[in-house]
file data-v4.cif (mmCIF, C-alpha atoms)
data_work
#
loop_
_atom_site.label_atom_id
_atom_site.label_comp_id
_atom_site.auth_asym_id
_atom_site.auth_seq_id
_atom_site.Cartn_x
_atom_site.Cartn_y
_atom_site.Cartn_z
CA MET A 15 -11.40 -17.63 -8.49
CA LYS A 16 -9.89 -14.31 -9.50
CA LEU A 17 -6.32 -15.04 -8.40
CA LYS A 18 -5.82 -18.66 -9.36
CA ASN A 19 -2.13 -19.32 -10.19
CA VAL A 20 -1.11 -15.99 -8.64
CA ASN A 21 1.76 -15.95 -6.15
CA ALA A 22 1.88 -12.79 -4.04
CA LEU A 23 4.31 -11.26 -1.57
CA ILE A 24 2.60 -9.04 1.02
CA THR A 25 4.64 -6.80 3.32
CA GLY A 26 3.22 -5.85 6.69
CA GLY A 27 1.04 -8.93 6.44
CA SER A 28 0.73 -9.99 10.06
CA GLN A 29 -2.09 -7.69 11.16
CA GLY A 30 -4.55 -5.02 10.12
CA LEU A 31 -5.12 -4.38 6.44
CA GLY A 32 -2.18 -6.56 5.37
CA LYS A 33 -3.66 -9.59 7.06
CA VAL A 34 -7.10 -8.95 5.54
CA ILE A 35 -5.52 -8.58 2.09
CA ALA A 36 -3.77 -11.93 2.58
CA GLU A 37 -7.08 -13.56 3.54
CA HIS A 38 -8.80 -12.19 0.43
CA PHE A 39 -5.94 -13.29 -1.82
CA LEU A 40 -6.05 -16.80 -0.42
CA ARG A 41 -9.81 -16.95 -0.75
CA GLU A 42 -9.43 -16.04 -4.43
CA GLY A 43 -6.94 -18.85 -5.03
CA ALA A 44 -3.58 -17.14 -4.59
CA ASN A 45 -0.54 -18.43 -2.72
CA VAL A 46 1.03 -15.86 -0.43
CA ALA A 47 4.32 -15.02 1.22
CA LEU A 48 3.99 -12.74 4.24
CA CYS A 49 6.49 -10.58 6.05
CA ALA A 50 6.48 -8.43 9.17
CA ARG A 51 8.99 -7.33 11.77
CA SER A 52 7.36 -9.13 14.70
CA GLU A 53 8.14 -12.85 14.62
CA LYS A 54 5.43 -13.57 17.19
CA ASP A 55 2.65 -11.80 15.25
CA LEU A 56 3.84 -13.18 11.94
CA SER A 57 3.96 -16.75 13.21
CA ALA A 58 0.45 -16.49 14.65
CA THR A 59 -0.95 -15.09 11.39
CA HIS A 60 0.90 -17.67 9.29
CA ASN A 61 -0.47 -20.53 11.37
CA GLU A 62 -3.99 -19.12 11.32
CA LEU A 63 -4.08 -18.60 7.55
CA ALA A 64 -2.38 -21.90 6.73
CA LYS A 65 -5.02 -23.72 8.78
CA LYS A 66 -7.88 -21.71 7.29
CA PHE A 67 -6.74 -22.17 3.66
CA PRO A 68 -5.16 -25.65 3.48
CA ALA A 69 -5.41 -25.80 -0.31
CA GLN A 70 -3.20 -22.72 -0.70
CA LYS A 71 0.46 -22.23 0.15
CA VAL A 72 1.23 -19.74 2.91
CA VAL A 73 4.82 -18.96 3.83
CA ALA A 74 6.25 -16.26 6.06
CA LYS A 75 9.56 -14.61 6.87
CA THR A 76 10.43 -11.79 9.27
CA CYS A 77 11.82 -8.73 7.56
CA ASP A 78 12.55 -5.08 8.18
CA VAL A 79 11.52 -3.59 4.83
CA SER A 80 13.91 -0.67 5.27
CA ASP A 81 16.90 -3.04 5.30
CA GLU A 82 18.14 -3.83 1.78
CA LYS A 83 19.83 -7.10 2.73
CA GLN A 84 16.75 -8.39 4.55
CA VAL A 85 14.48 -7.36 1.67
CA ASN A 86 16.65 -9.09 -0.92
CA GLU A 87 16.59 -12.23 1.23
CA LEU A 88 12.80 -11.93 1.57
CA VAL A 89 12.18 -11.73 -2.18
CA ALA A 90 14.59 -14.61 -2.80
CA PHE A 91 12.72 -16.61 -0.12
CA ALA A 92 9.34 -15.89 -1.72
CA LEU A 93 10.59 -16.87 -5.17
CA ARG A 94 12.14 -20.04 -3.81
CA GLU A 95 9.11 -21.10 -1.75
CA LEU A 96 6.40 -20.13 -4.25
CA GLY A 97 8.34 -20.75 -7.46
CA SER A 98 7.48 -17.37 -8.99
CA LEU A 99 5.88 -14.03 -8.15
CA GLN A 100 3.04 -12.36 -9.99
CA ALA A 101 2.11 -9.72 -7.41
CA LEU A 102 3.88 -7.53 -4.86
CA ILE A 103 1.68 -5.79 -2.27
CA LEU A 104 3.48 -3.12 -0.29
CA ASN A 105 1.49 -2.55 2.86
CA ALA A 106 4.15 -2.10 5.58
CA GLY A 107 4.14 1.37 7.09
CA ILE A 108 4.18 3.48 10.24
CA TYR A 109 2.80 6.88 11.25
CA GLY A 110 6.12 8.11 12.55
CA PRO A 111 6.54 10.87 15.14
CA MET A 112 3.55 13.04 16.02
CA GLY A 113 3.84 16.68 16.88
CA ALA A 114 5.03 19.97 15.44
CA THR A 115 7.55 19.24 12.69
CA GLU A 116 10.29 21.38 14.23
CA SER A 117 10.01 19.62 17.59
CA VAL A 118 9.75 15.90 16.78
CA SER A 119 12.75 13.58 16.78
CA LEU A 120 14.64 13.82 13.50
CA ASP A 121 15.76 10.21 13.90
CA GLU A 122 12.13 9.08 14.18
CA TRP A 123 11.22 11.27 11.19
CA ARG A 124 13.91 9.59 9.10
CA ARG A 125 12.85 6.18 10.36
CA ALA A 126 9.33 6.77 9.05
CA MET A 127 10.75 7.68 5.66
CA ASP A 128 12.92 4.56 5.73
CA ILE A 129 9.97 2.26 6.38
CA ASN A 130 7.29 3.99 4.32
CA LEU A 131 9.32 5.07 1.28
CA TYR A 132 12.38 2.83 1.20
CA GLY A 133 10.14 0.02 2.40
CA MET A 134 8.41 0.37 -0.95
CA LEU A 135 11.48 1.09 -3.07
CA LEU A 136 13.62 -1.82 -1.86
CA PRO A 137 11.07 -4.63 -2.48
CA CYS A 138 10.36 -3.12 -5.90
CA ARG A 139 14.04 -3.10 -6.79
CA ALA A 140 14.35 -6.73 -5.73
CA ALA A 141 11.21 -7.95 -7.53
CA ILE A 142 11.29 -5.88 -10.73
CA PRO A 143 13.99 -7.95 -12.48
CA HIS A 144 11.79 -11.03 -12.00
CA PHE A 145 8.72 -9.21 -13.33
CA LYS A 146 10.68 -7.88 -16.32
CA LYS A 147 11.89 -11.34 -17.21
CA ALA A 148 8.34 -12.69 -16.97
CA LYS A 149 7.05 -9.65 -18.91
CA HIS A 150 4.19 -9.39 -16.45
CA GLY A 151 3.60 -8.35 -12.86
CA LYS A 152 1.46 -6.37 -10.47
CA ILE A 153 2.83 -3.93 -7.90
CA ILE A 154 0.26 -2.55 -5.47
CA VAL A 155 1.16 0.15 -2.96
CA LEU A 156 -0.91 1.17 0.05
CA SER A 157 -1.10 4.92 0.25
CA GLY A 158 -2.66 7.06 2.95
CA GLY A 159 -4.38 10.36 3.59
CA GLY A 160 -1.10 12.21 3.65
CA ALA A 161 -0.56 11.54 -0.05
CA THR A 162 -3.26 13.90 -1.28
CA ASN A 163 -3.85 16.25 1.65
CA PRO A 164 -1.64 18.01 4.19
CA LEU A 165 -1.44 16.15 7.48
CA PRO A 166 -0.32 18.65 10.14
CA ASN A 167 1.69 17.23 13.02
CA ILE A 168 2.31 13.90 11.24
CA SER A 169 4.60 15.34 8.59
CA SER A 170 6.90 12.35 8.02
CA TYR A 171 3.92 10.15 7.23
CA ALA A 172 2.41 12.72 4.88
CA ALA A 173 5.68 13.37 3.07
CA SER A 174 6.53 9.70 2.71
CA LYS A 175 3.08 8.75 1.39
CA ALA A 176 3.13 11.53 -1.21
CA ALA A 177 6.57 10.28 -2.27
CA VAL A 178 5.30 6.69 -2.44
CA VAL A 179 2.50 7.62 -4.84
CA ARG A 180 4.79 9.62 -7.12
CA LEU A 181 7.30 6.75 -7.10
CA ALA A 182 4.49 4.36 -8.07
CA GLU A 183 3.51 6.65 -10.95
CA THR A 184 7.13 6.83 -12.08
CA LEU A 185 7.65 3.07 -11.91
CA ALA A 186 4.42 2.58 -13.84
CA GLU A 187 5.92 4.54 -16.75
CA GLU A 188 9.24 2.71 -16.54
CA LEU A 189 7.59 -0.71 -16.51
CA LYS A 190 4.89 -0.25 -19.16
CA PRO A 191 7.03 -1.92 -21.86
CA PHE A 192 7.24 -5.01 -19.62
CA HIS A 193 3.47 -5.18 -18.90
CA VAL A 194 4.01 -4.57 -15.20
CA ASP A 195 1.15 -2.58 -13.67
CA VAL A 196 1.93 -0.33 -10.71
CA ASN A 197 -0.91 1.25 -8.74
CA ALA A 198 -1.56 2.81 -5.35
CA ILE A 199 -4.58 2.27 -3.13
CA ALA A 200 -6.09 4.88 -0.84
CA PRO A 201 -7.94 2.54 1.55
CA GLY A 202 -9.77 5.27 3.44
CA ALA A 203 -9.91 5.91 7.15
CA LEU A 204 -9.31 2.53 8.79
CA LYS A 205 -9.80 1.46 12.37
CA THR A 206 -6.33 0.00 12.90
CA ARG A 207 -3.48 0.47 15.33
CA PHE A 208 -2.88 3.89 13.72
CA VAL A 209 -6.11 5.17 15.28
CA GLU A 210 -4.99 3.93 18.68
CA GLN A 211 -1.63 5.67 18.25
CA VAL A 212 -3.33 8.98 17.46
CA LEU A 213 -5.59 8.70 20.50
CA GLU A 214 -2.61 7.85 22.70
CA ALA A 215 -0.68 10.87 21.36
CA GLY A 216 -3.54 13.20 22.27
CA PRO A 217 -4.92 16.41 20.71
CA GLU A 218 -1.94 18.45 21.87
CA LYS A 219 0.36 16.55 19.48
CA VAL A 220 -1.90 15.68 16.55
CA GLY A 221 -4.28 18.63 16.67
CA THR A 222 -7.85 18.78 17.95
CA GLU A 223 -9.49 18.22 14.55
CA PHE A 224 -7.49 15.12 13.64
CA PHE A 225 -7.85 13.75 17.16
CA ALA A 226 -11.63 14.20 16.98
CA LYS A 227 -11.79 12.35 13.66
CA ASN A 228 -9.85 9.41 15.05
CA LYS A 229 -11.98 9.36 18.20
CA LYS A 230 -15.07 9.16 16.01
CA TRP A 231 -13.56 6.34 13.91
CA SER A 232 -12.67 4.47 17.09
CA GLU A 233 -16.12 4.79 18.62
CA GLU A 234 -18.38 4.64 15.54
CA GLY A 235 -16.27 2.64 13.10
CA ALA A 236 -14.49 3.60 9.91
CA VAL A 237 -14.04 2.28 6.37
CA PRO A 238 -14.09 -1.55 6.40
CA LEU A 239 -10.69 -3.16 5.86
CA GLU A 240 -12.36 -5.51 3.39
CA LEU A 241 -12.93 -2.67 0.92
CA GLY A 242 -9.21 -2.01 0.43
CA ALA A 243 -8.53 -5.75 0.34
CA ARG A 244 -11.09 -6.26 -2.42
CA LEU A 245 -9.52 -3.45 -4.45
CA ALA A 246 -6.11 -5.11 -4.00
CA VAL A 247 -7.58 -8.35 -5.36
CA TYR A 248 -8.96 -6.47 -8.37
CA LEU A 249 -5.62 -4.78 -9.10
CA ALA A 250 -3.78 -8.11 -8.80
CA SER A 251 -6.20 -9.86 -11.14
CA ALA A 252 -6.11 -10.16 -14.92
CA GLU A 253 -9.28 -8.07 -15.07
CA SER A 254 -7.25 -4.92 -14.34
CA ASP A 255 -4.44 -5.63 -16.83
CA GLY A 256 -3.24 -2.41 -18.41
CA ILE A 257 -4.52 -0.13 -15.64
CA THR A 258 -1.35 1.42 -14.26
CA GLY A 259 0.07 4.55 -12.63
CA LYS A 260 -3.12 5.32 -10.70
CA LEU A 261 -4.01 6.25 -7.13
CA ILE A 262 -7.41 4.66 -6.57
CA SER A 263 -9.73 5.26 -3.65
CA ALA A 264 -11.24 2.06 -2.30
CA GLN A 265 -14.08 4.07 -0.80
CA TRP A 266 -14.98 6.61 -3.48
CA ASP A 267 -13.88 5.38 -6.92
CA PRO A 268 -15.86 2.95 -9.15
CA TRP A 269 -12.96 0.54 -9.26
CA GLU A 270 -15.10 -2.60 -9.69
CA LYS A 271 -15.69 -1.62 -13.32
CA LEU A 272 -12.56 0.43 -14.00
CA HIS A 273 -11.52 -1.93 -16.80
CA GLU A 274 -14.56 -0.74 -18.74
CA PHE A 275 -12.99 2.72 -18.92
CA LYS A 276 -9.42 1.64 -19.62
CA SER A 277 -9.24 3.65 -22.85
CA ASP A 278 -10.08 6.81 -20.88
CA LEU A 279 -7.33 6.33 -18.29
CA ASN A 280 -4.30 7.19 -20.41
CA ASN A 281 -4.13 10.65 -18.84
CA ASP A 282 -3.90 12.33 -15.43
CA ILE A 283 -7.13 10.85 -14.00
CA TYR A 284 -6.41 9.35 -10.56
CA THR A 285 -2.91 10.87 -10.37
CA LEU A 286 -1.11 13.46 -8.28
CA ARG A 287 -1.06 16.76 -10.15
CA ARG A 288 -0.71 20.52 -9.78
CA ILE A 289 -3.94 22.52 -9.72
CA VAL A 290 -3.77 25.74 -11.73
CA PRO A 291 -6.16 28.73 -11.57
CA LYS A 292 -8.26 27.68 -14.57
CA ASP A 293 -9.05 24.38 -12.80
CA ARG A 294 -10.98 26.49 -10.31
CA GLY A 295 -12.58 28.82 -12.85
CA LYS A 296 -9.99 31.58 -12.40
CA LYS A 297 -8.45 33.40 -15.36
CA TRP A 298 -5.80 35.46 -13.58
CA GLY A 299 -3.24 32.74 -14.14
CA ASP A 300 -3.63 32.65 -17.93
CA LYS A 301 -0.78 33.64 -20.21
#
call {"tool": "encode", "arguments": {"input": "data-v4.cif", "output": "structure tokens"}}
result
Amino acid sequence: MKLKNVNALITGGSQGLGKVIAEHFLREGANVALCARSEKDLSATHNELAKKFPAQKVVAKTCDVSDEKQVNELVAFALRELGSLQALILNAGIYGPMGATESVSLDEWRRAMDINLYGMLLPCRAAIPHFKKAKHGKIIVLSGGGATNPLPNISSYAASKAAVVRLAETLAEELKPFHVDVNAIAPGALKTRFVEQVLEAGPEKVGTEFFAKNKKWSEEGAVPLELGARLAVYLASAESDGITGKLISAQWDPWEKLHEFKSDLNNDIYTLRRIVPKDRGKKWGDK
């Protein structure tokens, strides 16, 4: 099993991709601590997984990941219940308000930043001292389409996901001396509650093109949740040790054998970067 003796804390673990990640971790021998805001959903998922994987330890605690006090209590709970932490999977997130940026609720816009960005920062701040002391750890962040492409009419989500990836890259540099790997996953277009939210919002708010994409994903299917979960397992495993500061596509990148190219990854491959004219065969930008 790839994750034997690994204890993992998974945020947003009661449904969707977070739940599937938890299932894959347990199947690979890990013990998991789950959190979500909904006590009802979290309890149901905890009971289901504990019954399905009786040999593994599954614990759960409600938490708003944008609340520093609750996050600190969550990490302390996970450490107490599991004994240690080797992996932190940051999956909790929301789309935020949909519509023209100048017209959406500013409070809702800030709330999306609180959950998506601070919901990554706060668990990291709480867990990093433990990882540093152990001189090992894995931090895995779930990114989204807004990180690498503009996402008109869902600007808080796009901005927060771009910030999340750059924060992951920055933490990766900070934590290299402590052998803590920090990576982001682009799971691809998933058929989750996000698709339902876009369809409910309608083309007037999210734009006709994005609405059509989500309608297609809803009717014809999208990227399997299992693909992102398998990549999370890989990044939490010893096989990926030393791969850090990367944004990896579950759908398009050859991540199953990325460790074979580790010596080639000490550069800007799989990172956010600025494209200059020469990258597109143009010379008018040369000096």
call {"tool": "residues_around", "arguments": {"input": "data-v4.cif", "residues": "Arg287 (chain A)", "least_positions_apart": "6", "cutoff": "12 Å", "atoms": "all atoms listed in the file", "output": "list of chain:residue names"}}
result
A:Ala161, A:Thr162, A:Ala176, A:Val179, A:Arg180, A:Glu183, A:Lys260, A:Leu261, A:Asn281, A:Asp293
call {"tool": "residues_around", "arguments": {"input": "data-v4.cif", "residues": "Ser170 (chain A)", "least_positions_apart": "5", "cutoff": "9 Å", "atoms": "only C-alpha atoms", "output": "ChimeraX atom specification"}}
result
/A:109-112,115,122-127,175
call {"tool": "residues_around", "arguments": {"input": "data-v4.cif", "residues": "Val220 (chain A)", "least_positions_apart": "4", "cutoff": "8 Å", "atoms": "only C-alpha atoms", "output": "short mmCIF file (atom, residue, chain, number, x, y, z; two decimals) with C-alpha atoms, keeping the file's coordinate frame"}}
result
data_model
loop_
_atom_site.label_atom_id
_atom_site.label_comp_id
_atom_site.auth_asym_id
_atom_site.auth_seq_id
_atom_site.Cartn_x
_atom_site.Cartn_y
_atom_site.Cartn_z
CA MET A 112 3.55 13.04 16.02
CA GLY A 113 3.84 16.68 16.88
CA PRO A 166 -0.32 18.65 10.14
CA ASN A 167 1.69 17.23 13.02
CA ILE A 168 2.31 13.90 11.24
CA VAL A 212 -3.33 8.98 17.46
CA ALA A 215 -0.68 10.87 21.36
CA GLY A 216 -3.54 13.20 22.27
CA PHE A 224 -7.49 15.12 13.64
CA PHE A 225 -7.85 13.75 17.16
#
call {"tool": "atom_distance", "arguments": {"input": "data-v4.cif", "atom1": "CA of Gly133 (chain A)", "atom2": "CA of Gly26 (chain A)"}}
result
10.0 Å
call {"tool": "atom_distance", "arguments": {"input": "data-v4.cif", "atom1": "CA of Val46 (chain A)", "atom2": "CA of Asn21 (chain A)"}}
result
5.8 Å
call {"tool": "closest_residue", "arguments": {"input": "data-v4.cif", "among": "A:Lys18, A:Lys33, A:Lys147, A:His193", "to": "Asp255 (chain A)", "atoms": "all atoms listed in the file"}}
result
A:His193
call {"tool": "atom_distance", "arguments": {"input": "data-v4.cif", "atom1": "CA of Glu253 (chain A)", "atom2": "CA of His38 (chain A)"}}
result
16.0 Å
call {"tool": "resolve_selection", "arguments": {"input": "data-v4.cif", "expression": "the PyMOL selection byres ((chain A and resi 76-85) around 7)", "output": "list in words"}}
result
Cys49, Ala50, Arg51, Ser52, Glu53, Ala74, Lys75, Asn86, Glu87, Leu88, Val89, Asp128, Ile129, Tyr132, Gly133, Leu136 and Pro137 of chain A
